[in-house]
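Here's query-v3.csv, which has CSV, C-alpha atoms:
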```
chain,number,residue,atom,x,y,z
A,171,MET,CA,6.4,14.1,30.5
A,172,GLY,CA,6.7,13.3,34.2
A,173,ASP,CA,3.6,11.1,33.9
A,174,TRP,CA,5.1,9.0,31.2
A,175,LYS,CA,6.9,5.7,31.8
A,176,GLU,CA,8.7,3.1,29.7
A,177,VAL,CA,7.6,-0.5,29.9
A,178,GLU,CA,8.7,-3.7,28.0
A,179,LEU,CA,6.0,-4.9,25.7
A,180,GLY,CA,6.2,-8.4,27.0
A,181,THR,CA,4.9,-7.3,30.4
A,182,LEU,CA,1.8,-5.8,28.8
A,183,ALA,CA,0.8,-8.3,26.1
A,184,GLU,CA,1.5,-11.8,24.7
A,185,ILE,CA,3.4,-12.3,21.5
A,186,LYS,CA,2.3,-15.3,19.4
A,187,GLY,CA,3.4,-16.6,16.0
A,188,GLY,CA,1.5,-17.6,13.0
A,189,LYS,CA,1.5,-20.9,11.1
A,190,ARG,CA,2.7,-22.2,7.8
A,191,LEU,CA,0.5,-24.5,5.7
A,192,PRO,CA,1.1,-28.2,6.0
A,193,LYS,CA,3.8,-29.5,3.6
A,194,GLY,CA,2.4,-29.9,0.1
A,195,SER,CA,-0.6,-27.7,0.7
A,196,ILE,CA,-1.2,-24.5,-1.3
A,197,LEU,CA,-3.5,-21.5,-0.9
A,198,THR,CA,-6.4,-20.9,-3.3
A,199,GLU,CA,-7.8,-17.8,-5.0
A,200,ILE,CA,-11.3,-19.1,-4.5
A,201,PRO,CA,-12.8,-17.1,-1.7
A,202,ASN,CA,-14.0,-18.8,1.5
A,203,SER,CA,-14.2,-18.0,5.2
A,204,HIS,CA,-10.5,-18.6,5.8
A,205,PRO,CA,-8.4,-15.7,4.4
A,206,TYR,CA,-4.7,-16.1,4.9
A,207,ILE,CA,-2.5,-13.0,5.7
A,208,ARG,CA,1.0,-13.1,4.3
A,209,THR,CA,3.8,-10.6,4.7
A,210,ARG,CA,3.4,-9.5,1.1
A,211,ASP,CA,-0.2,-8.5,1.9
A,212,ILE,CA,0.9,-5.8,4.4
A,213,ASN,CA,1.3,-2.5,2.5
A,214,ASN,CA,1.4,1.0,3.9
A,215,ASN,CA,0.6,-0.2,7.4
A,216,SER,CA,-2.6,-1.9,6.3
A,217,ILE,CA,-3.7,-5.2,4.8
A,218,ALA,CA,-4.6,-5.4,1.1
A,219,ILE,CA,-7.8,-7.3,1.6
A,220,ASN,CA,-8.6,-7.6,-2.1
A,221,GLU,CA,-5.3,-9.4,-2.8
A,222,LEU,CA,-5.6,-12.1,-0.1
A,223,LEU,CA,-5.5,-15.8,-0.9
A,224,PHE,CA,-7.5,-18.4,1.1
A,225,VAL,CA,-6.8,-21.6,3.0
A,226,PRO,CA,-8.8,-24.5,1.5
A,227,ASP,CA,-11.6,-25.8,3.8
A,228,GLU,CA,-10.0,-29.2,4.1
A,229,ILE,CA,-6.6,-27.7,5.2
A,230,PHE,CA,-7.9,-25.2,7.7
A,231,PRO,CA,-8.4,-27.6,10.6
A,232,ALA,CA,-4.6,-28.1,10.7
A,233,ILE,CA,-3.9,-24.4,11.3
A,234,SER,CA,-7.2,-23.4,12.9
A,235,ARG,CA,-5.5,-22.3,16.2
A,236,TYR,CA,-3.3,-19.7,14.4
A,237,ILE,CA,-5.9,-17.1,13.7
A,238,VAL,CA,-6.2,-13.3,14.4
A,239,GLU,CA,-9.1,-11.3,15.7
A,240,LYS,CA,-10.2,-7.8,14.9
A,241,ASN,CA,-8.0,-5.1,16.4
A,242,ASP,CA,-5.1,-7.4,17.0
A,243,VAL,CA,-1.7,-5.8,16.1
A,244,ILE,CA,0.5,-7.9,13.8
A,245,ILE,CA,4.1,-7.5,12.8
A,246,SER,CA,6.3,-9.2,10.2
A,247,ILE,CA,9.2,-11.1,11.6
A,248,VAL,CA,11.0,-12.8,8.7
A,249,GLY,CA,12.4,-11.2,5.6
A,250,THR,CA,11.1,-7.6,5.6
A,251,ILE,CA,10.7,-7.2,9.4
A,252,GLY,CA,8.7,-4.5,11.1
A,253,LEU,CA,5.7,-4.3,8.8
A,254,CYS,CA,2.7,-3.6,11.0
A,255,SER,CA,-1.0,-3.5,10.7
A,256,ILE,CA,-4.2,-3.6,12.8
A,257,ILE,CA,-6.6,-6.4,11.9
A,258,PRO,CA,-9.8,-4.9,10.5
A,259,LYS,CA,-13.2,-6.4,11.3
A,260,GLU,CA,-13.4,-8.0,7.8
A,261,LEU,CA,-10.4,-10.2,8.8
A,262,HIS,CA,-11.7,-11.4,12.1
A,263,PHE,CA,-10.6,-15.0,12.5
A,264,ALA,CA,-8.3,-14.9,9.4
A,265,SER,CA,-5.2,-17.2,9.4
A,266,LEU,CA,-1.7,-15.7,9.9
A,267,THR,CA,1.5,-16.7,8.2
A,268,GLU,CA,4.4,-18.0,10.2
A,269,ASN,CA,6.4,-14.9,9.0
A,270,CYS,CA,4.3,-12.7,11.2
A,271,ALA,CA,3.5,-12.4,14.9
A,272,LYS,CA,0.4,-11.2,16.6
A,273,ILE,CA,0.3,-9.1,19.8
A,274,VAL,CA,-2.6,-10.3,21.9
A,275,ASN,CA,-4.1,-10.3,25.4
A,276,VAL,CA,-3.0,-6.7,25.8
A,277,LYS,CA,-3.6,-5.1,29.2
A,278,GLU,CA,-6.0,-2.6,27.9
A,279,ASN,CA,-6.3,-0.8,31.2
A,280,ILE,CA,-2.6,0.2,30.7
A,281,LEU,CA,-2.0,0.1,26.9
A,282,ASP,CA,-4.2,1.1,24.0
A,283,LYS,CA,-3.9,-1.2,21.0
A,284,GLU,CA,-4.1,1.6,18.4
A,285,TYR,CA,-1.6,3.7,20.3
A,286,LEU,CA,0.8,0.6,20.3
A,287,PHE,CA,0.4,0.2,16.6
A,288,TYR,CA,1.3,3.8,15.9
A,289,TYR,CA,4.3,3.5,18.2
A,290,LEU,CA,5.5,0.4,16.4
A,291,ILE,CA,5.4,2.2,13.0
A,292,SER,CA,7.1,5.3,14.3
A,293,LYS,CA,10.8,6.0,13.8
A,294,ASP,CA,11.6,5.1,17.4
A,295,GLY,CA,9.5,1.9,17.2
A,296,GLN,CA,11.1,0.8,13.9
A,297,THR,CA,14.6,1.5,15.3
A,298,GLU,CA,13.8,-0.8,18.3
A,299,ILE,CA,12.5,-3.5,16.0
A,300,GLU,CA,15.5,-3.3,13.7
A,301,SER,CA,17.9,-3.5,16.6
A,302,ARG,CA,16.4,-6.8,17.6
A,303,ASN,CA,17.0,-8.5,14.2
A,304,VAL,CA,19.1,-11.6,14.6
A,305,GLY,CA,19.4,-12.7,11.0
A,306,SER,CA,22.4,-12.3,8.7
A,307,THR,CA,21.4,-13.7,5.3
A,308,GLN,CA,17.7,-13.3,6.1
A,309,PRO,CA,16.5,-10.9,8.7
A,310,LYS,CA,14.5,-12.5,11.5
A,311,LEU,CA,12.8,-11.1,14.6
A,312,PRO,CA,12.4,-13.7,17.3
A,313,LEU,CA,9.2,-13.5,19.4
A,314,TYR,CA,11.3,-13.1,22.6
A,315,ASN,CA,13.0,-10.0,21.2
A,316,ILE,CA,9.6,-8.5,20.5
A,317,LYS,CA,8.7,-8.9,24.2
A,318,GLY,CA,11.7,-6.8,25.1
A,319,ILE,CA,10.7,-3.7,23.0
A,320,PRO,CA,10.4,-0.7,25.3
A,321,VAL,CA,7.1,1.2,24.8
A,322,PRO,CA,6.7,4.7,26.1
A,323,ILE,CA,3.5,4.7,28.2
A,324,PRO,CA,1.7,8.0,28.8
A,325,PRO,CA,-1.6,8.0,30.7
A,326,LEU,CA,-4.2,5.9,28.9
A,327,PRO,CA,-6.5,8.8,28.1
A,328,GLU,CA,-3.5,10.5,26.4
A,329,GLN,CA,-2.7,7.3,24.5
A,330,LYS,CA,-6.3,7.3,23.1
A,331,ALA,CA,-6.1,11.0,22.2
A,332,ILE,CA,-2.8,10.5,20.4
A,333,ALA,CA,-4.2,7.5,18.5
A,334,SER,CA,-7.4,9.4,17.7
A,335,VAL,CA,-5.4,12.3,16.1
A,336,LEU,CA,-3.3,9.9,13.9
A,337,SER,CA,-6.2,7.6,13.0
A,338,SER,CA,-8.4,10.5,11.9
A,339,LEU,CA,-5.6,11.5,9.4
A,340,ASP,CA,-5.3,8.0,8.2
A,341,ASP,CA,-9.1,7.7,7.8
A,342,LYS,CA,-9.2,10.8,5.7
A,343,ILE,CA,-6.2,9.6,3.6
A,344,ASP,CA,-8.0,6.2,3.1
A,345,LEU,CA,-11.2,7.9,2.1
A,346,LEU,CA,-9.4,10.0,-0.6
A,347,HIS,CA,-7.6,6.9,-1.9
A,348,ARG,CA,-11.0,5.1,-2.2
A,349,GLN,CA,-12.5,8.1,-3.9
A,350,ASN,CA,-9.7,8.1,-6.4
A,351,LYS,CA,-10.2,4.4,-7.2
A,352,THR,CA,-13.8,5.2,-8.1
A,353,LEU,CA,-12.9,8.3,-10.1
A,354,GLU,CA,-10.2,6.4,-12.0
A,355,ALA,CA,-12.5,3.5,-12.7
A,356,MET,CA,-15.1,5.9,-14.2
A,357,ALA,CA,-12.5,7.7,-16.3
A,358,GLU,CA,-11.3,4.3,-17.6
A,359,ILE,CA,-14.8,3.2,-18.6
A,360,LEU,CA,-15.4,6.5,-20.5
A,361,PHE,CA,-12.0,6.3,-22.1
A,362,ARG,CA,-12.5,2.7,-23.2
A,363,GLN,CA,-15.9,3.6,-24.7
A,364,TRP,CA,-14.7,6.7,-26.5
A,365,PHE,CA,-11.2,5.7,-27.7
A,366,VAL,CA,-11.4,1.9,-27.8
A,367,GLU,CA,-14.9,0.6,-28.5
A,368,GLU,CA,-15.7,3.6,-30.8
A,369,ALA,CA,-12.2,4.0,-32.3
A,370,GLN,CA,-12.1,5.1,-35.9
A,371,GLU,CA,-10.3,3.0,-38.5
A,372,ASP,CA,-8.4,6.0,-39.9
A,373,TRP,CA,-6.8,6.9,-36.5
A,374,GLU,CA,-3.0,6.8,-36.7
A,375,GLU,CA,-1.1,4.2,-34.8
A,376,VAL,CA,2.6,4.8,-33.8
A,377,PRO,CA,5.1,3.0,-31.6
A,378,LEU,CA,5.3,4.5,-28.1
A,379,GLY,CA,9.0,5.3,-28.6
A,380,ALA,CA,8.0,7.7,-31.4
A,381,ILE,CA,6.3,10.1,-29.0
A,382,ALA,CA,7.8,9.3,-25.6
A,383,THR,CA,11.0,8.5,-23.9
A,384,VAL,CA,11.3,5.2,-21.8
A,385,GLN,CA,13.9,5.3,-19.1
A,386,ASN,CA,14.9,2.7,-16.5
A,387,GLY,CA,15.1,3.5,-12.8
A,388,TYR,CA,18.0,3.2,-10.4
A,389,THR,CA,19.4,-0.2,-9.2
A,390,PHE,CA,19.1,-0.7,-5.4
A,391,MET,CA,20.5,-3.5,-3.3
A,392,LYS,CA,17.0,-4.7,-2.3
A,393,ASP,CA,14.2,-4.6,-4.8
A,394,SER,CA,11.3,-6.7,-5.8
A,395,MET,CA,9.2,-7.3,-8.9
A,396,GLY,CA,5.7,-6.0,-9.1
A,397,ILE,CA,2.9,-6.8,-11.5
A,398,LEU,CA,4.5,-6.6,-15.0
A,399,GLY,CA,3.1,-4.1,-17.4
A,400,HIS,CA,0.8,-2.1,-15.1
A,401,PRO,CA,1.2,1.7,-15.3
A,402,ALA,CA,0.9,4.4,-12.6
A,403,MET,CA,0.8,8.1,-13.0
A,404,ILE,CA,2.9,10.6,-11.0
A,405,ASP,CA,1.9,14.3,-10.7
A,406,LYS,CA,4.4,16.9,-11.9
A,407,SER,CA,4.8,18.2,-8.3
A,408,ASP,CA,5.9,14.7,-7.1
A,409,THR,CA,9.6,13.8,-6.9
A,410,TYR,CA,10.7,10.2,-6.7
A,411,VAL,CA,13.7,8.0,-7.2
A,412,LEU,CA,12.7,5.0,-9.3
A,413,ASN,CA,13.7,1.5,-8.6
A,414,GLN,CA,15.2,-0.4,-11.6
A,415,ARG,CA,12.1,-2.5,-11.7
A,416,VAL,CA,10.1,0.5,-12.8
A,417,ALA,CA,10.4,2.4,-16.1
A,418,ARG,CA,9.7,6.1,-16.5
A,419,ILE,CA,7.7,7.1,-19.6
A,420,TYR,CA,7.5,10.8,-20.5
A,421,LEU,CA,6.2,12.5,-23.6
A,422,ASN,CA,8.6,14.2,-25.9
A,423,SER,CA,7.4,17.8,-25.7
A,424,ASN,CA,8.4,18.8,-29.2
A,425,GLU,CA,7.0,15.7,-30.9
A,426,SER,CA,4.1,14.5,-28.8
A,427,LEU,CA,0.7,14.2,-30.4
A,428,ILE,CA,-1.2,13.3,-27.2
A,429,ASN,CA,-1.2,14.4,-23.6
A,430,ASN,CA,-0.1,12.5,-20.5
A,431,HIS,CA,-3.6,11.5,-19.4
A,432,PHE,CA,-4.4,10.1,-22.8
A,433,LEU,CA,-1.2,8.0,-22.8
A,434,TYR,CA,-1.8,6.8,-19.2
A,435,LEU,CA,-5.4,5.7,-19.8
A,436,GLN,CA,-4.4,4.0,-23.0
A,437,LEU,CA,-1.6,2.0,-21.3
A,438,LYS,CA,-4.1,1.0,-18.6
A,439,THR,CA,-6.4,-0.8,-21.1
A,440,ASP,CA,-6.5,-4.6,-21.0
A,441,VAL,CA,-5.3,-4.6,-24.6
A,442,ALA,CA,-2.2,-2.4,-24.0
A,443,ILE,CA,-1.3,-4.4,-20.8
A,444,ALA,CA,-1.6,-7.7,-22.7
A,445,ILE,CA,0.6,-6.4,-25.5
A,446,ILE,CA,3.3,-5.2,-23.1
A,447,GLN,CA,3.2,-8.4,-21.0
A,448,SER,CA,3.5,-10.5,-24.2
A,449,LYS,CA,6.9,-8.7,-24.9
A,450,ALA,CA,8.4,-9.9,-21.6
A,451,HIS,CA,11.2,-12.5,-21.7
A,452,GLY,CA,13.3,-14.5,-19.2
A,453,GLY,CA,13.1,-17.7,-17.2
A,454,VAL,CA,13.0,-17.7,-13.4
A,455,GLN,CA,12.7,-13.9,-13.4
A,456,VAL,CA,10.7,-12.3,-16.2
A,457,ASN,CA,12.0,-9.0,-17.6
A,458,LEU,CA,10.6,-6.3,-19.8
A,459,SER,CA,13.2,-4.3,-21.7
A,460,THR,CA,12.8,-0.6,-22.5
A,461,GLU,CA,13.0,-1.4,-26.2
A,462,ALA,CA,10.1,-3.7,-25.9
A,463,ILE,CA,8.1,-1.0,-24.2
A,464,ARG,CA,9.1,1.5,-26.9
A,465,SER,CA,7.6,-0.8,-29.5
A,466,THR,CA,4.2,-0.8,-27.9
A,467,PRO,CA,1.6,0.5,-30.4
A,468,ILE,CA,-0.2,3.7,-29.4
A,469,ILE,CA,-3.3,5.0,-31.1
A,470,VAL,CA,-3.3,8.7,-31.8
A,471,PRO,CA,-6.7,10.1,-32.7
A,472,PRO,CA,-6.9,13.6,-34.4
A,473,GLU,CA,-6.7,16.4,-31.9
A,474,PRO,CA,-10.4,17.4,-32.2
A,475,ASP,CA,-11.4,13.9,-31.3
A,476,GLN,CA,-9.1,13.9,-28.4
A,477,GLU,CA,-10.4,17.2,-27.1
A,478,LYS,CA,-14.0,16.0,-27.5
A,479,GLY,CA,-13.4,12.9,-25.5
A,480,PHE,CA,-11.5,14.6,-22.8
A,481,LYS,CA,-14.3,17.0,-22.1
A,482,LEU,CA,-16.1,14.0,-20.7
A,483,LEU,CA,-13.1,13.0,-18.6
A,484,GLU,CA,-11.9,16.3,-17.3
A,485,GLY,CA,-14.0,16.4,-14.2
A,486,TYR,CA,-12.8,13.0,-13.0
A,487,LEU,CA,-9.2,13.7,-13.8
A,488,LEU,CA,-9.1,17.1,-12.0
A,489,LYS,CA,-10.9,15.7,-8.9
A,490,SER,CA,-8.5,12.8,-8.8
A,491,GLN,CA,-5.5,15.2,-9.1
A,492,ASN,CA,-6.8,17.4,-6.3
A,493,ASN,CA,-7.3,14.3,-4.1
A,494,ARG,CA,-3.7,13.3,-4.6
A,495,LYS,CA,-2.6,16.7,-3.5
A,496,GLN,CA,-4.7,16.4,-0.3
A,497,ILE,CA,-3.3,13.0,0.3
A,498,ARG,CA,0.3,14.2,0.1
A,499,THR,CA,-0.5,17.1,2.5
A,500,LEU,CA,-2.2,14.8,5.0
A,501,GLU,CA,0.6,12.2,4.8
A,502,ARG,CA,3.2,14.9,5.4
A,503,LEU,CA,1.2,16.1,8.4
A,504,ARG,CA,0.8,12.6,9.8
A,505,ASP,CA,4.5,11.7,9.3
A,506,THR,CA,5.5,15.0,11.0
A,507,LEU,CA,3.2,14.5,14.0
A,508,LEU,CA,3.9,10.8,14.6
A,509,PRO,CA,7.4,11.0,16.1
A,510,LYS,CA,6.6,14.2,17.9
A,511,LEU,CA,3.5,12.7,19.6
A,512,MET,CA,5.3,9.5,20.4
A,513,SER,CA,8.2,11.3,22.1
A,514,GLY,CA,6.0,13.8,24.0
A,515,GLU,CA,7.5,16.7,22.1
A,516,VAL,CA,3.9,17.6,21.0
A,517,ARG,CA,1.1,16.9,23.5
A,518,VAL,CA,-2.6,16.5,22.9
A,519,GLN,CA,-5.3,17.8,25.1
A,520,TYR,CA,-7.3,15.1,26.9
A,521,ASN,CA,-9.6,14.7,29.9
A,522,LYS,CA,-7.4,13.6,32.8
A,523,GLU,CA,-10.5,12.5,34.6
A,524,THR,CA,-11.2,9.9,31.9
A,525,THR,CA,-9.8,6.4,32.5
A,526,ALA,CA,-11.8,4.5,29.9
```
Would you mind writing the file's structure down as structure tokens?
Amino acid sequence: MGDWKEVELGTLAEIKGGKRLPKGSILTEIPNSHPYIRTRDINNNSIAINELLFVPDEIFPAISRYIVEKNDVIISIVGTIGLCSIIPKELHFASLTENCAKIVNVKENILDKEYLFYYLISKDGQTEIESRNVGSTQPKLPLYNIKGIPVPIPPLPEQKAIASVLSSLDDKIDLLHRQNKTLEAMAEILFRQWFVEEAQEDWEEVPLGAIATVQNGYTFMKDSMGILGHPAMIDKSDTYVLNQRVARIYLNSNESLINNHFLYLQLKTDVAIAIIQSKAHGGVQVNLSTEAIRSTPIIVPPEPDQEKGFKLLEGYLLKSQNNRKQIRTLERLRDTLLPKLMSGEVRVQYNKETTA
């Protein structure tokens, strides 16, 4: 590592803040050419493009100078600090919240932007970010503290090689996630046709609690509310600790009349989600009790009808399950490599003659 050095980020780039909307202004769900990136839109080191809100055309001139460009690196600086992402080409000239900062005018002959991104999300990078938090009640990361973050700087070709290794893994993971969205959408369409639109009047209906156990997760100091009533499925090989905002539903092995996939797909239908959401209660913060979930009606077709329908779904479900296994393997590999590459413990081959 004799050819590595450590340089403060502020000597290699400029750090600039975003901008809040003018007082009294609100974002709109109606798409236009002014998407607005909020902290909540940064998930798993990327931006949830399909969930963005937009700045109304008449409001945009007031914040038009606070935009990002493709390949800019952004970082959250208020509340949950240290969330990072690279701006994709689809969000070129998007507006940026005041709760995030952008890293711009990078000296690209010294520092590769993608390499910088991976350093910032690494364990060492996140430690440096956390140590610069000045908030007490609400965490805050001042722009001048970002400038002082020390960045390990290997030769530029090695930076690019490191970024290439990590981004290739992320690209594969992203591809598998997108494949699974398509597979699940196809399975939902077939399920809805077979078990909802063509449902038989004599099919039995039972409360969810009669065939499954509903259990709350663990209470943590910091947690947030997701979209009420929307299910997700976890493979048997996965192990998680659930937040109290999430309920675990598992079939009673001795009494169950349906399988996990059938239950999951039925709970994902618009009808089931609407029924579950209608059972919520509360004022400022809406809650959904386990008892309310247990009372949700579940249709139980005769076993032959279930088997016939699932022959149509089997290919989609198996492919999706295999993709999830690949995703977990790739994520473990990336998460193992990331700190080792950033510390120089693991080196990548690169052409030392290359400077671009």
Residues near Pro309 (chain A), cut-off 8 Å, only C-alpha atoms, skip fewer than 2 positions along chain, as a PDB file with C-alpha atoms, in the frame of the given file:
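Result file follows (selection_31.pdb):
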```pdb
ATOM      1  CA  ILE A 247       9.200 -11.100  11.600  1.00  0.00           C
ATOM      2  CA  VAL A 248      11.000 -12.800   8.700  1.00  0.00           C
ATOM      3  CA  GLY A 249      12.400 -11.200   5.600  1.00  0.00           C
ATOM      4  CA  THR A 250      11.100  -7.600   5.600  1.00  0.00           C
ATOM      5  CA  ILE A 251      10.700  -7.200   9.400  1.00  0.00           C
ATOM      6  CA  ASN A 303      17.000  -8.500  14.200  1.00  0.00           C
ATOM      7  CA  VAL A 304      19.100 -11.600  14.600  1.00  0.00           C
ATOM      8  CA  GLY A 305      19.400 -12.700  11.000  1.00  0.00           C
ATOM      9  CA  SER A 306      22.400 -12.300   8.700  1.00  0.00           C
ATOM     10  CA  THR A 307      21.400 -13.700   5.300  1.00  0.00           C
ATOM     11  CA  LEU A 311      12.800 -11.100  14.600  1.00  0.00           C
TER      12      LEU A 311
END
```
- Surrounding residues of Arg517 (chain A) excluding itself and chain neighbours under 2 positions, 10 Å, all atoms listed in the file, as a PyMOL selection string: chain A and resi 171+328+331-332+510-515+519-520
- Item | Test item: which residues lie within 6 Å of (-12.5, -13.6, 16.6) counting only C-alpha atoms, as a PyMOL selection string | chain A and resi 239+262-263
- Task: Considering only C-alpha atoms, return as a list in words whatever protein or nucleic-acid residues lie within 8 Å of Trp174 (chain A), sequence-local ones (same chain, fewer than 3 positions apart) excluded.
- Result: Met171, Pro322, Ile323, Pro324 and Pro325 of chain A
- Message: List the spatial neighbours of Ser459 (chain A) as a PyMOL selection string - criterion: any atom at most 9 Å away, only C-alpha atoms, same-chain residues fewer than 2 positions off excluded.
- Response: chain A and resi 386+449-451+457+461-464
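Between CA of Phe287 (chain A) and CA of Asn241 (chain A) the interatomic distance comes to 9.9 Å.
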Which residues of region 246-347 of chain A sit at most 7 Å from region 177-182 of chain A, using all atoms listed in the file? Give each one's shortest atom pair and distance in Å (one decimal place), in chain and ascending residue order, as CSV.
```
residue,atom,partner,partner_atom,distance
A:Val276,CA,A:Leu182,CA,5.7
A:Lys277,CA,A:Leu182,CA,5.5
A:Lys317,CA,A:Gly180,CA,3.8
A:Gly318,CA,A:Glu178,CA,5.2
A:Ile319,CA,A:Glu178,CA,5.4
A:Pro320,CA,A:Glu178,CA,4.4
A:Val321,CA,A:Val177,CA,5.4
A:Pro322,CA,A:Val177,CA,6.5
A:Ile323,CA,A:Val177,CA,6.8
```
Written selection (C-alpha atoms) as a PDB file, keeping the file's coordinate frame:
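Final output, part.pdb:
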```pdb
ATOM      1  CA  VAL A 276      -3.000  -6.700  25.800  1.00  0.00           C
ATOM      2  CA  LYS A 277      -3.600  -5.100  29.200  1.00  0.00           C
ATOM      3  CA  LYS A 317       8.700  -8.900  24.200  1.00  0.00           C
ATOM      4  CA  GLY A 318      11.700  -6.800  25.100  1.00  0.00           C
ATOM      5  CA  ILE A 319      10.700  -3.700  23.000  1.00  0.00           C
ATOM      6  CA  PRO A 320      10.400  -0.700  25.300  1.00  0.00           C
ATOM      7  CA  VAL A 321       7.100   1.200  24.800  1.00  0.00           C
ATOM      8  CA  PRO A 322       6.700   4.700  26.100  1.00  0.00           C
ATOM      9  CA  ILE A 323       3.500   4.700  28.200  1.00  0.00           C
TER      10      ILE A 323
END
```
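Counting only C-alpha atoms and comparing A:Ile237, A:Ile316, A:Leu281, A:Ile212, the residue that lies closest to Cys254 (chain A) is A:Ile212.
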- Restricting to all atoms listed in the file, whichever of A:Ile446, A:Leu437, A:Ala382, A:Leu360 is closest to Ser423 (chain A) is A:Ala382
- How far is it from CA of Ile280 (chain A) to CA of Glu184 (chain A), in Å with one decimal? 14.0 Å
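Shortest atom-to-atom contact with Ile185 (chain A) among A:Ala218, A:Val243, A:Ile273, A:Ile207: A:Ile273, counting all atoms listed in the file.
Picture a line from CA of Leu313 (chain A) to CA of Ala271 (chain A); it runs 7.3 Å.
Using all atoms listed in the file for every distance, the candidate list A:Pro327, A:Gly252, A:Pro377, A:Pro192 yields A:Gly252 as the residue closest to Glu300 (chain A).
With only C-alpha atoms as the atoms that count, the minimum distance from Lys193 (chain A) to the choices A:Gln496, A:Asp505, A:Ile229, A:Lys293 is reached by A:Ile229.
Every protein, DNA or RNA residue with an atom at most 12 Å from Glu371 (chain A), where all atoms listed in the file count and chain neighbours fewer than 6 positions away do not, is listed here: Phe365, Ile469, Val470, Pro471 and Pro472 of chain A.
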Restricting it to C-alpha atoms, dump the selection as a JSON list (two decimals), keeping the file's coordinate frame.
```
[["chain", "number", "residue", "atom", "x", "y", "z"],
["A", 365, "PHE", "CA", -11.20, 5.70, -27.70],
["A", 469, "ILE", "CA", -3.30, 5.00, -31.10],
["A", 470, "VAL", "CA", -3.30, 8.70, -31.80],
["A", 471, "PRO", "CA", -6.70, 10.10, -32.70],
["A", 472, "PRO", "CA", -6.90, 13.60, -34.40]]
```
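Nearest-residue note for Ala380 (chain A): choosing from A:Pro312, A:Pro467, A:Pro509, A:Gly295, the minimum distance belongs to A:Pro467, counting only C-alpha atoms.
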Take region 442-452 of chain A, model N, CA, C and O atoms, and hand the result over as a PDB file, keeping the file's coordinate frame.
```
ATOM      1  N   ALA A 442      -3.616  -2.947 -24.051  1.00  0.00           N
ATOM      2  CA  ALA A 442      -2.200  -2.400 -24.000  1.00  0.00           C
ATOM      3  C   ALA A 442      -1.420  -3.259 -22.968  1.00  0.00           C
ATOM      4  O   ALA A 442      -0.265  -3.601 -23.225  1.00  0.00           O
ATOM      5  N   ILE A 443      -2.018  -3.588 -21.810  1.00  0.00           N
ATOM      6  CA  ILE A 443      -1.300  -4.400 -20.800  1.00  0.00           C
ATOM      7  C   ILE A 443      -0.941  -5.754 -21.363  1.00  0.00           C
ATOM      8  O   ILE A 443       0.180  -6.256 -21.168  1.00  0.00           O
ATOM      9  N   ALA A 444      -1.882  -6.370 -22.084  1.00  0.00           N
ATOM     10  CA  ALA A 444      -1.600  -7.700 -22.700  1.00  0.00           C
ATOM     11  C   ALA A 444      -0.496  -7.622 -23.699  1.00  0.00           C
ATOM     12  O   ALA A 444       0.367  -8.516 -23.749  1.00  0.00           O
ATOM     13  N   ILE A 445      -0.479  -6.563 -24.500  1.00  0.00           N
ATOM     14  CA  ILE A 445       0.600  -6.400 -25.500  1.00  0.00           C
ATOM     15  C   ILE A 445       1.936  -6.255 -24.825  1.00  0.00           C
ATOM     16  O   ILE A 445       2.921  -6.893 -25.210  1.00  0.00           O
ATOM     17  N   ILE A 446       1.991  -5.413 -23.783  1.00  0.00           N
ATOM     18  CA  ILE A 446       3.300  -5.200 -23.100  1.00  0.00           C
ATOM     19  C   ILE A 446       3.724  -6.463 -22.398  1.00  0.00           C
ATOM     20  O   ILE A 446       4.904  -6.835 -22.477  1.00  0.00           O
ATOM     21  N   GLN A 447       2.814  -7.175 -21.734  1.00  0.00           N
ATOM     22  CA  GLN A 447       3.200  -8.400 -21.000  1.00  0.00           C
ATOM     23  C   GLN A 447       3.679  -9.475 -22.031  1.00  0.00           C
ATOM     24  O   GLN A 447       4.550 -10.292 -21.692  1.00  0.00           O
ATOM     25  N   SER A 448       3.127  -9.469 -23.253  1.00  0.00           N
ATOM     26  CA  SER A 448       3.500 -10.500 -24.200  1.00  0.00           C
ATOM     27  C   SER A 448       4.969 -10.239 -24.718  1.00  0.00           C
ATOM     28  O   SER A 448       5.590 -11.137 -25.307  1.00  0.00           O
ATOM     29  N   LYS A 449       5.510  -9.049 -24.472  1.00  0.00           N
ATOM     30  CA  LYS A 449       6.900  -8.700 -24.900  1.00  0.00           C
ATOM     31  C   LYS A 449       7.914  -9.087 -23.843  1.00  0.00           C
ATOM     32  O   LYS A 449       9.121  -8.914 -24.063  1.00  0.00           O
ATOM     33  N   ALA A 450       7.478  -9.568 -22.690  1.00  0.00           N
ATOM     34  CA  ALA A 450       8.400  -9.900 -21.600  1.00  0.00           C
ATOM     35  C   ALA A 450       9.185 -11.189 -22.005  1.00  0.00           C
ATOM     36  O   ALA A 450       8.732 -12.004 -22.798  1.00  0.00           O
ATOM     37  N   HIS A 451      10.369 -11.326 -21.414  1.00  0.00           N
ATOM     38  CA  HIS A 451      11.200 -12.500 -21.700  1.00  0.00           C
ATOM     39  C   HIS A 451      11.937 -12.877 -20.407  1.00  0.00           C
ATOM     40  O   HIS A 451      12.006 -12.113 -19.444  1.00  0.00           O
ATOM     41  N   GLY A 452      12.502 -14.064 -20.395  1.00  0.00           N
ATOM     42  CA  GLY A 452      13.300 -14.500 -19.200  1.00  0.00           C
ATOM     43  C   GLY A 452      12.755 -15.852 -18.742  1.00  0.00           C
ATOM     44  O   GLY A 452      11.729 -16.359 -19.191  1.00  0.00           O
TER      45      GLY A 452
END
```
